[in-house]
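Q: Below: one structure in structure tokens.
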Amino acid sequence: MKFGPARPADAIGGVTVHTLRQGSLVLKKGTTIGAAEVEALNRAGVKEIVVVRLEAGDVSEDVAAASIAQAVAGDGVHVERAFTGRANLFAARAGVLVVDRAAVDRINGVDEAITFATLPAFKPVVEGEMIATVKLIPFGVEARLRDAAVAVAGHGALRIAPYIVRRVGVVSTLLPGLASKVVEKTLRVTAERLAAAGATIVAERRVPHDESALAASIRELLGLGAELVIVFGASAIADRRDVIPAAITGIGGAIEHFGMPVDPGNLLLIGSAGGVPVLGAPGCARSPVENGFDWVLMRLLAGIKVTRADLTGMGVGGLLMEIVTRPQPRSSPDIEGNRNVAAIVLAAGRSTRMGGPNKLLAELDGQKLVRIVTEQALASKASQVIVVTGHQAELVEQALAGLKVKFVRNPDFVGGLASSVKAGIAAVPDNADGAVICLGDMPLISAQLIDRLIGTFEPDRGHLIAVPVSEGRRGNPVLWSRRFFPELMTLDGDVGARHLIARHAEAVAEVPVEGPGAFLDIDTPQALEAARRG
């Protein structure tokens, strides 16, 4: 590969090494010089430009990167088109990332021109998440080096192990002083963890903290077809002879390892009974914050056996702080800024506080409330507007006649707000990076506010939830990254997603607002009259 300065006329066929700006001329790095570029350079008075040229036996950066990426991509991995010497690899499905560390090291050892980076091994990933990248440092490389990297890679150095365990049984042991609300919260947190992997709690039992009672419950759950059993003890496991390990061995099971060099998570126990994994959960597993329990649980849900050696090898990096794992899909080359955001308008409620009339069909300044909100969503930068209907669906849809929206009917609207959120999220197109959820009874929501939320949404900077705020008070609408769609799908009843915002506080980007627009919802006749007067 030749590298160096050349006169414009002699640079034809070369690729620019640096971006050149002179007068009105802007010639970007990586531009192939042709006759038009030579003419522009001469007009701008440029006498010399630094270019690189491939020689016989060389391959371009994109060709080399693509070849290596295809070589390492195993089951469940998708390779995007290479550009600017980079080939990004993405998860084609949700699961656990399995990495051949030796293969990664071999590739990086071929030559300094070739680099290969991945996410940590065994990281849970979502579909569409970027998991690795091959980057060529120069503009080209000798074909023999490319071939060497492909050869040492083998095939399938990266793969996504899909989640295969679907049925989970949970046992909670009880002692005086253990509040029932602690058990209920533990079950909710566990269900949310499992939901990310498509698994559910098929049965749960609460028994005294006693070996025989616990053994009977574990045996019962196995008989009900549980593919994994989790035991939450009222008291932490202190020894292999304690209640939980004794109950496992008492039904013919085995204790494979007790304790792990991950903090929080030290007191985890992993065993098996009847060929089914049985986990003695550490106390920290009651919390939604990432801990060692997550590391083991997600592997087991993907059918990956966790051995004693695996556990003892978790010490480096095993000191965890108060963090939240935030996997999110990276944008494809043809999507700018991860800002393909859909708008969801919730318009399915029964308006019970209005005393009879459907508030969404009430008029303000000659327009029905639901149409005001929907038109603002359509006027925003949202890529698509989805309207969730339920109560008096036909009348609500008639009120929106002529608008370019997608209607989704929520048959469970009587169950409350959560069912409408889930119906809307389920209808968001696969190519959307997120969704802004608008309430159909908030007529002062503006297109400008929605646009500000979309502008604040920056997944690559960790801004995954955008919320309007005034004087410390959070309002609506709220924009959610696709990362949180599985959690939104676990909502229940007439409660929104405020607790998720609190749980993922570090992912929240606040958008300062003035005025009542983000806070005024028309729930009562009095509120409607006040809005008409104001």
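Labeling convention for the structure tokens: chains A, B, ... as they appear, residues from 1 per chain, ligands from 1 in order of appearance.
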Each residue of stretch 247-350 of chain A with at least one atom at most 12 Å from stretch 375-398 of chain A should appear once, together with its nearest atom pair and the corresponding distance in Å (one decimal); atoms considered: only C-alpha atoms; ordering: chain, then increasing residue number; output as JSON lines.

A:
{"residue": "A:Ile335", "atom": "CA", "partner": "A:Ser383", "partner_atom": "CA", "distance": 11.9}
{"residue": "A:Asn338", "atom": "CA", "partner": "A:Ser383", "partner_atom": "CA", "distance": 11.9}
{"residue": "A:Arg339", "atom": "CA", "partner": "A:Ala382", "partner_atom": "CA", "distance": 8.7}
{"residue": "A:Asn340", "atom": "CA", "partner": "A:Ser383", "partner_atom": "CA", "distance": 6.1}
{"residue": "A:Val341", "atom": "CA", "partner": "A:Ala382", "partner_atom": "CA", "distance": 5.3}
{"residue": "A:Ala342", "atom": "CA", "partner": "A:Gln384", "partner_atom": "CA", "distance": 4.9}
{"residue": "A:Ala343", "atom": "CA", "partner": "A:Val385", "partner_atom": "CA", "distance": 4.7}
{"residue": "A:Ile344", "atom": "CA", "partner": "A:Ile386", "partner_atom": "CA", "distance": 4.7}
{"residue": "A:Val345", "atom": "CA", "partner": "A:Val387", "partner_atom": "CA", "distance": 4.7}
{"residue": "A:Leu346", "atom": "CA", "partner": "A:Val388", "partner_atom": "CA", "distance": 5.1}
{"residue": "A:Ala347", "atom": "CA", "partner": "A:Thr389", "partner_atom": "CA", "distance": 5.0}
{"residue": "A:Ala348", "atom": "CA", "partner": "A:Gly390", "partner_atom": "CA", "distance": 4.0}
{"residue": "A:Gly349", "atom": "CA", "partner": "A:His391", "partner_atom": "CA", "distance": 5.9}
{"residue": "A:Arg350", "atom": "CA", "partner": "A:His391", "partner_atom": "CA", "distance": 5.5}

Q: Would you mind exporting all heavy atoms of the selected residues as a compact mmCIF listing (two decimals), in the first residue's frame?

A:
# COMPACT_ATOMS: atom_id res chain seq x y z
N ILE A 335 -29.59 4.41 9.71
CA ILE A 335 -30.44 5.08 10.69
C ILE A 335 -29.58 6.06 11.47
O ILE A 335 -28.60 5.67 12.09
CB ILE A 335 -31.08 4.07 11.65
CG1 ILE A 335 -31.97 3.10 10.89
CG2 ILE A 335 -31.88 4.78 12.74
CD1 ILE A 335 -32.58 2.02 11.76
N ASN A 338 -30.04 6.81 16.19
CA ASN A 338 -30.94 5.96 16.97
C ASN A 338 -32.22 6.70 17.33
O ASN A 338 -32.74 6.60 18.42
CB ASN A 338 -30.26 5.49 18.26
CG ASN A 338 -29.21 4.44 18.01
OD1 ASN A 338 -28.57 4.46 16.98
ND2 ASN A 338 -29.02 3.55 18.93
N ARG A 339 -32.76 7.48 16.39
CA ARG A 339 -33.92 8.31 16.71
C ARG A 339 -35.15 7.93 15.88
O ARG A 339 -35.98 8.75 15.57
CB ARG A 339 -33.58 9.78 16.52
CG ARG A 339 -32.41 10.22 17.41
CD ARG A 339 -32.67 11.54 18.08
NE ARG A 339 -31.54 11.88 18.94
CZ ARG A 339 -30.77 12.94 18.74
NH1 ARG A 339 -31.00 13.75 17.74
NH2 ARG A 339 -29.78 13.21 19.57
N ASN A 340 -35.24 6.67 15.53
CA ASN A 340 -36.46 6.18 14.87
C ASN A 340 -37.43 5.84 16.00
O ASN A 340 -37.42 4.75 16.56
CB ASN A 340 -36.13 4.96 14.02
CG ASN A 340 -37.35 4.44 13.28
OD1 ASN A 340 -38.47 4.87 13.54
ND2 ASN A 340 -37.13 3.51 12.37
N VAL A 341 -38.26 6.81 16.34
CA VAL A 341 -39.13 6.68 17.52
C VAL A 341 -40.59 6.71 17.10
O VAL A 341 -41.02 7.61 16.37
CB VAL A 341 -38.85 7.82 18.52
CG1 VAL A 341 -39.83 7.77 19.69
CG2 VAL A 341 -37.41 7.73 19.03
N ALA A 342 -41.35 5.73 17.55
CA ALA A 342 -42.79 5.70 17.31
C ALA A 342 -43.51 6.44 18.44
O ALA A 342 -42.98 6.56 19.55
CB ALA A 342 -43.29 4.26 17.24
N ALA A 343 -44.69 6.95 18.15
CA ALA A 343 -45.53 7.57 19.18
C ALA A 343 -46.74 6.68 19.43
O ALA A 343 -47.36 6.19 18.48
CB ALA A 343 -45.97 8.96 18.76
N ILE A 344 -47.06 6.47 20.69
CA ILE A 344 -48.22 5.68 21.08
C ILE A 344 -49.18 6.61 21.82
O ILE A 344 -48.80 7.26 22.79
CB ILE A 344 -47.83 4.51 22.00
CG1 ILE A 344 -46.84 3.57 21.31
CG2 ILE A 344 -49.07 3.75 22.46
CD1 ILE A 344 -46.25 2.52 22.23
N VAL A 345 -50.41 6.69 21.34
CA VAL A 345 -51.45 7.48 22.01
C VAL A 345 -52.41 6.51 22.69
O VAL A 345 -53.05 5.69 22.03
CB VAL A 345 -52.21 8.38 21.01
CG1 VAL A 345 -53.31 9.15 21.74
CG2 VAL A 345 -51.24 9.35 20.33
N LEU A 346 -52.49 6.59 24.02
CA LEU A 346 -53.37 5.71 24.78
C LEU A 346 -54.77 6.32 24.83
O LEU A 346 -54.98 7.39 25.41
CB LEU A 346 -52.83 5.51 26.19
CG LEU A 346 -51.40 4.96 26.29
CD1 LEU A 346 -51.01 4.73 27.74
CD2 LEU A 346 -51.25 3.67 25.49
N ALA A 347 -55.72 5.64 24.20
CA ALA A 347 -57.08 6.17 24.08
C ALA A 347 -58.12 5.08 24.30
O ALA A 347 -59.12 4.99 23.58
CB ALA A 347 -57.27 6.81 22.71
N ALA A 348 -57.88 4.22 25.30
CA ALA A 348 -58.75 3.07 25.51
C ALA A 348 -59.53 3.13 26.81
O ALA A 348 -60.38 2.27 27.06
CB ALA A 348 -57.92 1.78 25.50
N GLY A 349 -59.26 4.13 27.65
CA GLY A 349 -59.84 4.16 28.99
C GLY A 349 -61.33 4.39 29.03
O GLY A 349 -61.96 4.88 28.08
N ARG A 350 -61.92 4.08 30.20
CA ARG A 350 -63.38 4.17 30.36
C ARG A 350 -63.84 5.52 30.90
O ARG A 350 -65.04 5.74 31.05
CB ARG A 350 -63.85 3.06 31.29
CG ARG A 350 -63.71 1.67 30.72
CD ARG A 350 -64.20 0.63 31.70
NE ARG A 350 -63.33 0.55 32.88
CZ ARG A 350 -63.64 -0.11 33.99
NH1 ARG A 350 -64.82 -0.72 34.09
NH2 ARG A 350 -62.80 -0.15 35.01

Q: With only C-alpha atoms as the counted atoms, please give the residues lying no more than 12 Å from stretch 420-422 of chain A, apart from itself and same-chain residues fewer than 2 positions off, as a PyMOL selection string.

A: chain A and resi 343-350+386-391+407-418+424-428+435-440+478+480+484-497

Q: Using only C-alpha atoms, what does the table of stretch 27-85 of chain A residues within 10 Å of stretch 120-131 of chain A look like, with each row giving the shortest atom pair and its distance in Å to one decimal, sorted by chain and ascending number, as CSV?

A:
residue,atom,partner,partner_atom,distance
A:Gly76,CA,A:Glu127,CA,9.3
A:Val77,CA,A:Ile131,CA,8.7
A:His78,CA,A:Gly128,CA,8.7
A:Val79,CA,A:Met130,CA,9.7
A:Glu80,CA,A:Met130,CA,9.9

Q: Export all heavy atoms of the chosen residues as a tab-separated table (two decimals), in the first residue's frame?

A:
chain	number	residue	atom	x	y	z
A	76	GLY	N	-26.82	-17.15	15.39
A	76	GLY	CA	-27.50	-16.04	16.04
A	76	GLY	C	-26.80	-14.71	15.93
A	76	GLY	O	-27.14	-13.77	16.65
A	77	VAL	N	-25.84	-14.59	15.02
A	77	VAL	CA	-25.08	-13.35	14.84
A	77	VAL	C	-25.28	-12.82	13.43
A	77	VAL	O	-25.20	-13.58	12.46
A	77	VAL	CB	-23.58	-13.56	15.12
A	77	VAL	CG1	-22.80	-12.27	14.87
A	77	VAL	CG2	-23.36	-14.04	16.55
A	78	HIS	N	-25.53	-11.53	13.33
A	78	HIS	CA	-25.73	-10.87	12.04
A	78	HIS	C	-24.62	-9.87	11.81
A	78	HIS	O	-24.25	-9.11	12.72
A	78	HIS	CB	-27.08	-10.15	12.02
A	78	HIS	CG	-27.26	-9.22	10.86
A	78	HIS	ND1	-27.36	-9.66	9.56
A	78	HIS	CD2	-27.36	-7.86	10.82
A	78	HIS	CE1	-27.51	-8.62	8.76
A	78	HIS	NE2	-27.52	-7.52	9.50
A	79	VAL	N	-24.06	-9.84	10.60
A	79	VAL	CA	-22.99	-8.91	10.25
A	79	VAL	C	-23.54	-7.82	9.35
A	79	VAL	O	-24.14	-8.10	8.31
A	79	VAL	CB	-21.82	-9.64	9.53
A	79	VAL	CG1	-20.72	-8.64	9.17
A	79	VAL	CG2	-21.27	-10.76	10.40
A	80	GLU	N	-23.34	-6.58	9.75
A	80	GLU	CA	-23.77	-5.45	8.92
A	80	GLU	C	-22.73	-5.17	7.84
A	80	GLU	O	-21.56	-5.57	7.95
A	80	GLU	CB	-23.95	-4.19	9.78
A	80	GLU	CG	-25.16	-4.23	10.70
A	80	GLU	CD	-26.46	-3.99	9.96
A	80	GLU	OE1	-26.42	-3.83	8.72
A	80	GLU	OE2	-27.52	-3.96	10.61

Q: For A:Val63, work out the shell of residues within 12 Å, counting only C-alpha atoms and skipping chain neighbours fewer than 5 positions away, then give it as a list in words.

A: Asp58, Ile68, Ala69, Gln70, Arg81, Ala82, Phe83, Thr84, Gly85, Arg86, Ala87, Val134, Lys135, Leu136, Phe139, Gly140, Val141, Glu142, Ala143, Arg146 and Asp147 of chain A

Q: Could you list, as a CSV table (one decimal) with N, CA, C and O atoms, in the first residue's frame, every residue within 12 Å of A:Ala203, counting only C-alpha atoms and ignoring same-chain residues fewer than 4 positions away?

A:
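As written to disk, selection-v2.csv reads:
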chain,number,residue,atom,x,y,z
A,167,ARG,N,-40.0,-22.6,31.9
A,167,ARG,CA,-40.8,-22.8,33.1
A,167,ARG,C,-39.9,-22.8,34.3
A,167,ARG,O,-39.0,-23.7,34.5
A,168,VAL,N,-40.2,-21.9,35.2
A,168,VAL,CA,-39.4,-21.7,36.4
A,168,VAL,C,-40.3,-21.9,37.7
A,168,VAL,O,-41.3,-21.3,37.7
A,169,GLY,N,-39.8,-22.7,38.6
A,169,GLY,CA,-40.5,-22.8,39.9
A,169,GLY,C,-39.8,-22.0,41.0
A,169,GLY,O,-38.5,-22.0,41.0
A,170,VAL,N,-40.5,-21.4,41.9
A,170,VAL,CA,-39.9,-20.6,42.9
A,170,VAL,C,-40.4,-21.1,44.3
A,170,VAL,O,-41.6,-21.2,44.5
A,171,VAL,N,-39.5,-21.3,45.2
A,171,VAL,CA,-39.9,-21.6,46.6
A,171,VAL,C,-39.3,-20.5,47.5
A,171,VAL,O,-38.2,-20.1,47.4
A,172,SER,N,-40.2,-19.9,48.4
A,172,SER,CA,-39.8,-19.0,49.4
A,172,SER,C,-39.9,-19.6,50.8
A,172,SER,O,-41.0,-20.1,51.1
A,187,LEU,N,-40.9,-11.9,44.3
A,187,LEU,CA,-41.6,-12.6,43.1
A,187,LEU,C,-41.7,-11.6,41.9
A,187,LEU,O,-41.5,-12.0,40.8
A,191,ALA,N,-39.9,-12.2,38.4
A,191,ALA,CA,-40.7,-12.3,37.2
A,191,ALA,C,-40.1,-11.4,36.1
A,191,ALA,O,-40.1,-11.7,34.9
A,217,SER,N,-41.5,-29.3,48.7
A,217,SER,CA,-41.9,-28.2,47.7
A,217,SER,C,-41.0,-28.3,46.4
A,217,SER,O,-41.5,-28.2,45.3
A,218,ILE,N,-39.7,-28.5,46.6
A,218,ILE,CA,-38.9,-28.7,45.4
A,218,ILE,C,-39.3,-29.9,44.6
A,218,ILE,O,-39.4,-29.8,43.3
A,220,GLU,N,-42.2,-31.2,44.4
A,220,GLU,CA,-43.5,-30.8,43.8
A,220,GLU,C,-43.3,-30.0,42.6
A,220,GLU,O,-43.9,-30.3,41.5
A,221,LEU,N,-42.5,-29.0,42.6
A,221,LEU,CA,-42.2,-28.1,41.5
A,221,LEU,C,-41.6,-28.9,40.3
A,221,LEU,O,-41.9,-28.7,39.2
A,222,LEU,N,-40.7,-29.8,40.6
A,222,LEU,CA,-40.1,-30.6,39.6
A,222,LEU,C,-41.2,-31.5,38.9
A,222,LEU,O,-41.2,-31.7,37.7
A,223,GLY,N,-42.1,-32.0,39.7
A,223,GLY,CA,-43.2,-32.8,39.2
A,223,GLY,C,-44.2,-32.0,38.3
A,223,GLY,O,-44.8,-32.5,37.4
A,224,LEU,N,-44.2,-30.6,38.5
A,224,LEU,CA,-45.1,-29.8,37.7
A,224,LEU,C,-44.4,-29.3,36.4
A,224,LEU,O,-44.9,-28.5,35.7
A,225,GLY,N,-43.2,-29.8,36.2
A,225,GLY,CA,-42.5,-29.5,35.0
A,225,GLY,C,-41.6,-28.3,35.0
A,225,GLY,O,-41.2,-27.8,33.9
A,226,ALA,N,-41.2,-27.9,36.2
A,226,ALA,CA,-40.2,-26.8,36.3
A,226,ALA,C,-38.9,-27.2,35.7
A,226,ALA,O,-38.3,-28.3,35.9
A,227,GLU,N,-38.3,-26.3,34.8
A,227,GLU,CA,-37.0,-26.6,34.2
A,227,GLU,C,-35.9,-25.9,34.9
A,227,GLU,O,-34.7,-26.2,34.6
A,228,LEU,N,-36.3,-25.2,35.9
A,228,LEU,CA,-35.3,-24.5,36.8
A,228,LEU,C,-36.1,-24.2,38.1
A,228,LEU,O,-37.2,-23.7,38.1
A,229,VAL,N,-35.4,-24.4,39.3
A,229,VAL,CA,-36.0,-24.1,40.5
A,229,VAL,C,-35.2,-23.1,41.3
A,229,VAL,O,-33.9,-23.3,41.4
A,230,ILE,N,-35.8,-22.0,41.8
A,230,ILE,CA,-35.0,-21.0,42.5
A,230,ILE,C,-35.6,-21.0,44.0
A,230,ILE,O,-36.8,-21.0,44.2

Q: Considering only C-alpha atoms, return as a list of chain:residue names whatever protein or nucleic-acid residues lie within 6 Å of stretch 47-50 of chain A, sequence-local ones (same chain, fewer than 2 positions apart) excluded.

A: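 Listed by chain and then number, they are A:Gly4, A:Pro5, A:Ala6, A:Arg7, A:Val17.
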
Q: Let's have the selection written as a PDB file, in the first residue's frame, with N, CA, C and O atoms.

A:
ATOM      1  N   GLY A   4       1.179   8.738   0.829  1.00  0.00           N
ATOM      2  CA  GLY A   4       1.981   9.952   0.751  1.00  0.00           C
ATOM      3  C   GLY A   4       1.318  11.049  -0.049  1.00  0.00           C
ATOM      4  O   GLY A   4       0.216  10.883  -0.582  1.00  0.00           O
ATOM      5  N   PRO A   5       1.959  12.204  -0.157  1.00  0.00           N
ATOM      6  CA  PRO A   5       1.389  13.345  -0.879  1.00  0.00           C
ATOM      7  C   PRO A   5       1.495  13.162  -2.387  1.00  0.00           C
ATOM      8  O   PRO A   5       2.373  12.459  -2.895  1.00  0.00           O
ATOM      9  N   ALA A   6       0.576  13.811  -3.100  1.00  0.00           N
ATOM     10  CA  ALA A   6       0.589  13.761  -4.565  1.00  0.00           C
ATOM     11  C   ALA A   6      -0.103  15.003  -5.104  1.00  0.00           C
ATOM     12  O   ALA A   6      -0.968  15.577  -4.445  1.00  0.00           O
ATOM     13  N   ARG A   7       0.296  15.420  -6.319  1.00  0.00           N
ATOM     14  CA  ARG A   7      -0.422  16.496  -6.988  1.00  0.00           C
ATOM     15  C   ARG A   7      -1.816  15.981  -7.350  1.00  0.00           C
ATOM     16  O   ARG A   7      -1.995  14.790  -7.582  1.00  0.00           O
ATOM     17  N   VAL A  17      -6.628  10.676   2.814  1.00  0.00           N
ATOM     18  CA  VAL A  17      -6.269  10.225   4.155  1.00  0.00           C
ATOM     19  C   VAL A  17      -6.879  11.136   5.218  1.00  0.00           C
ATOM     20  O   VAL A  17      -7.227  10.693   6.313  1.00  0.00           O
TER      21      VAL A  17
END

Q: Need the shell around A:Ser24: protein/DNA/RNA residues with any atom at most 12 Å away, counting only C-alpha atoms. Skip same-chain ones fewer than 5 positions apart. Format as a list in words?

A: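 Counting only C-alpha atoms, the residues come to Ala40, Leu41, Arg43, Ala44 and Gly45 of chain A.
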
Q: Please determine, counting only C-alpha atoms, which residue among A:Thr31, A:Thr16, A:Ser481, A:Asn266 has the shortest atom-to-atom distance to A:Ile465.

A: A:Ser481

Q: Going by DSSP on the backbone, which residues of stretch 263-426 of chain A come out as strand (DSSP E)? List them as a ChimeraX atom specification.

A: /A:269-273,276-281,341-347,363-364,367-368,384-389,406-409

Q: Keeping N, CA and C atoms, export the residues of the selection given above as a short mmCIF file (atom, residue, chain, number, x, y, z; two decimals), in the first residue's frame.

A:
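Listed below is the output, selection_0.cif:
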data_model
loop_
_atom_site.label_atom_id
_atom_site.label_comp_id
_atom_site.auth_asym_id
_atom_site.auth_seq_id
_atom_site.Cartn_x
_atom_site.Cartn_y
_atom_site.Cartn_z
N LEU A 269 -25.82 -20.60 45.83
CA LEU A 269 -25.60 -22.04 45.79
C LEU A 269 -26.19 -22.58 44.51
N ILE A 270 -25.44 -23.42 43.84
CA ILE A 270 -25.95 -24.05 42.62
C ILE A 270 -25.92 -25.56 42.79
N GLY A 271 -27.08 -26.16 42.56
CA GLY A 271 -27.19 -27.60 42.67
C GLY A 271 -28.09 -28.13 41.58
N SER A 272 -28.48 -29.37 41.71
CA SER A 272 -29.38 -29.97 40.72
C SER A 272 -30.15 -31.10 41.37
N ALA A 273 -31.32 -31.36 40.80
CA ALA A 273 -32.13 -32.49 41.27
C ALA A 273 -32.92 -33.01 40.08
N VAL A 276 -32.39 -31.20 36.81
CA VAL A 276 -32.85 -29.81 36.71
C VAL A 276 -32.02 -28.94 37.64
N PRO A 277 -31.52 -27.77 37.17
CA PRO A 277 -30.76 -26.90 38.06
C PRO A 277 -31.63 -26.36 39.20
N VAL A 278 -31.04 -26.29 40.38
CA VAL A 278 -31.70 -25.71 41.55
C VAL A 278 -30.77 -24.66 42.12
N LEU A 279 -31.26 -23.43 42.20
CA LEU A 279 -30.43 -22.32 42.70
C LEU A 279 -30.88 -21.93 44.10
N GLY A 280 -29.92 -21.85 45.01
CA GLY A 280 -30.16 -21.22 46.29
C GLY A 280 -29.76 -19.77 46.14
N ALA A 281 -30.74 -18.87 46.10
CA ALA A 281 -30.47 -17.48 45.76
C ALA A 281 -29.84 -16.74 46.93
N VAL A 341 -38.26 6.81 16.34
CA VAL A 341 -39.13 6.68 17.52
C VAL A 341 -40.59 6.71 17.10
N ALA A 342 -41.35 5.73 17.55
CA ALA A 342 -42.79 5.70 17.31
C ALA A 342 -43.51 6.44 18.44
N ALA A 343 -44.69 6.95 18.15
CA ALA A 343 -45.53 7.57 19.18
C ALA A 343 -46.74 6.68 19.43
N ILE A 344 -47.06 6.47 20.69
CA ILE A 344 -48.22 5.68 21.08
C ILE A 344 -49.18 6.61 21.82
N VAL A 345 -50.41 6.69 21.34
CA VAL A 345 -51.45 7.48 22.01
C VAL A 345 -52.41 6.51 22.69
N LEU A 346 -52.49 6.59 24.02
CA LEU A 346 -53.37 5.71 24.78
C LEU A 346 -54.77 6.32 24.83
N ALA A 347 -55.72 5.64 24.20
CA ALA A 347 -57.08 6.17 24.08
C ALA A 347 -58.12 5.08 24.30
N GLU A 363 -64.89 18.10 23.77
CA GLU A 363 -64.27 19.08 22.88
C GLU A 363 -63.61 20.22 23.64
N LEU A 364 -62.52 20.65 23.08
CA LEU A 364 -61.80 21.82 23.58
C LEU A 364 -61.46 22.67 22.36
N GLN A 367 -62.42 21.00 19.05
CA GLN A 367 -61.81 19.73 18.64
C GLN A 367 -61.87 18.73 19.79
N LYS A 368 -62.05 17.47 19.44
CA LYS A 368 -62.08 16.43 20.45
C LYS A 368 -60.68 16.23 21.04
N GLN A 384 -43.99 7.02 13.38
CA GLN A 384 -45.30 6.42 13.20
C GLN A 384 -46.14 6.72 14.44
N VAL A 385 -47.44 6.86 14.26
CA VAL A 385 -48.33 7.10 15.40
C VAL A 385 -49.28 5.91 15.53
N ILE A 386 -49.27 5.32 16.71
CA ILE A 386 -50.13 4.17 17.02
C ILE A 386 -51.15 4.64 18.05
N VAL A 387 -52.43 4.41 17.78
CA VAL A 387 -53.49 4.79 18.71
C VAL A 387 -54.13 3.52 19.27
N VAL A 388 -54.08 3.40 20.60
CA VAL A 388 -54.66 2.23 21.26
C VAL A 388 -56.08 2.58 21.70
N THR A 389 -57.06 1.85 21.18
CA THR A 389 -58.46 2.09 21.53
C THR A 389 -59.02 0.90 22.31
N LYS A 406 -52.08 4.22 12.99
CA LYS A 406 -52.34 2.79 13.07
C LYS A 406 -53.17 2.53 14.32
N PHE A 407 -54.35 1.94 14.15
CA PHE A 407 -55.22 1.65 15.29
C PHE A 407 -54.91 0.25 15.82
N VAL A 408 -54.84 0.16 17.14
CA VAL A 408 -54.69 -1.12 17.82
C VAL A 408 -55.76 -1.20 18.89
N ARG A 409 -56.57 -2.21 18.85
CA ARG A 409 -57.62 -2.34 19.86
C ARG A 409 -57.13 -3.19 21.03
#

Q: Residues within 10 Å of A:Pro516, please, as a list in words. Count only C-alpha atoms; anything in the same chain fewer than 4 positions from it doesn't count.

A: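 Neighbouring residues, sequence-local ones excluded: Met442, Leu444, Ile445, Ser470, Gly475, Leu520 and Asp521 of chain A.
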
Q: Restricting the calculation to only C-alpha atoms: of A:Lys185, A:Arg144, A:Arg159, A:Arg206, which residue gets closest to A:Thr173?

A: A:Arg206

Q: Here is a test: counting only C-alpha atoms, which residue of A:Gly156, A:Gly265, A:Pro282, A:Gly303 is nearest to A:Arg101?

A: A:Gly156

Q: Just the number, please: distance in Å from atom CA of A:Ile372 to atom CA of A:Arg473, one decimal.

A: 24.0 Å

Q: Nearest residue to A:Val467 out of A:His209, A:His18, A:Arg498, A:Lys404, using only C-alpha atoms?

A: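 Nearest to A:Val467: A:Arg498.
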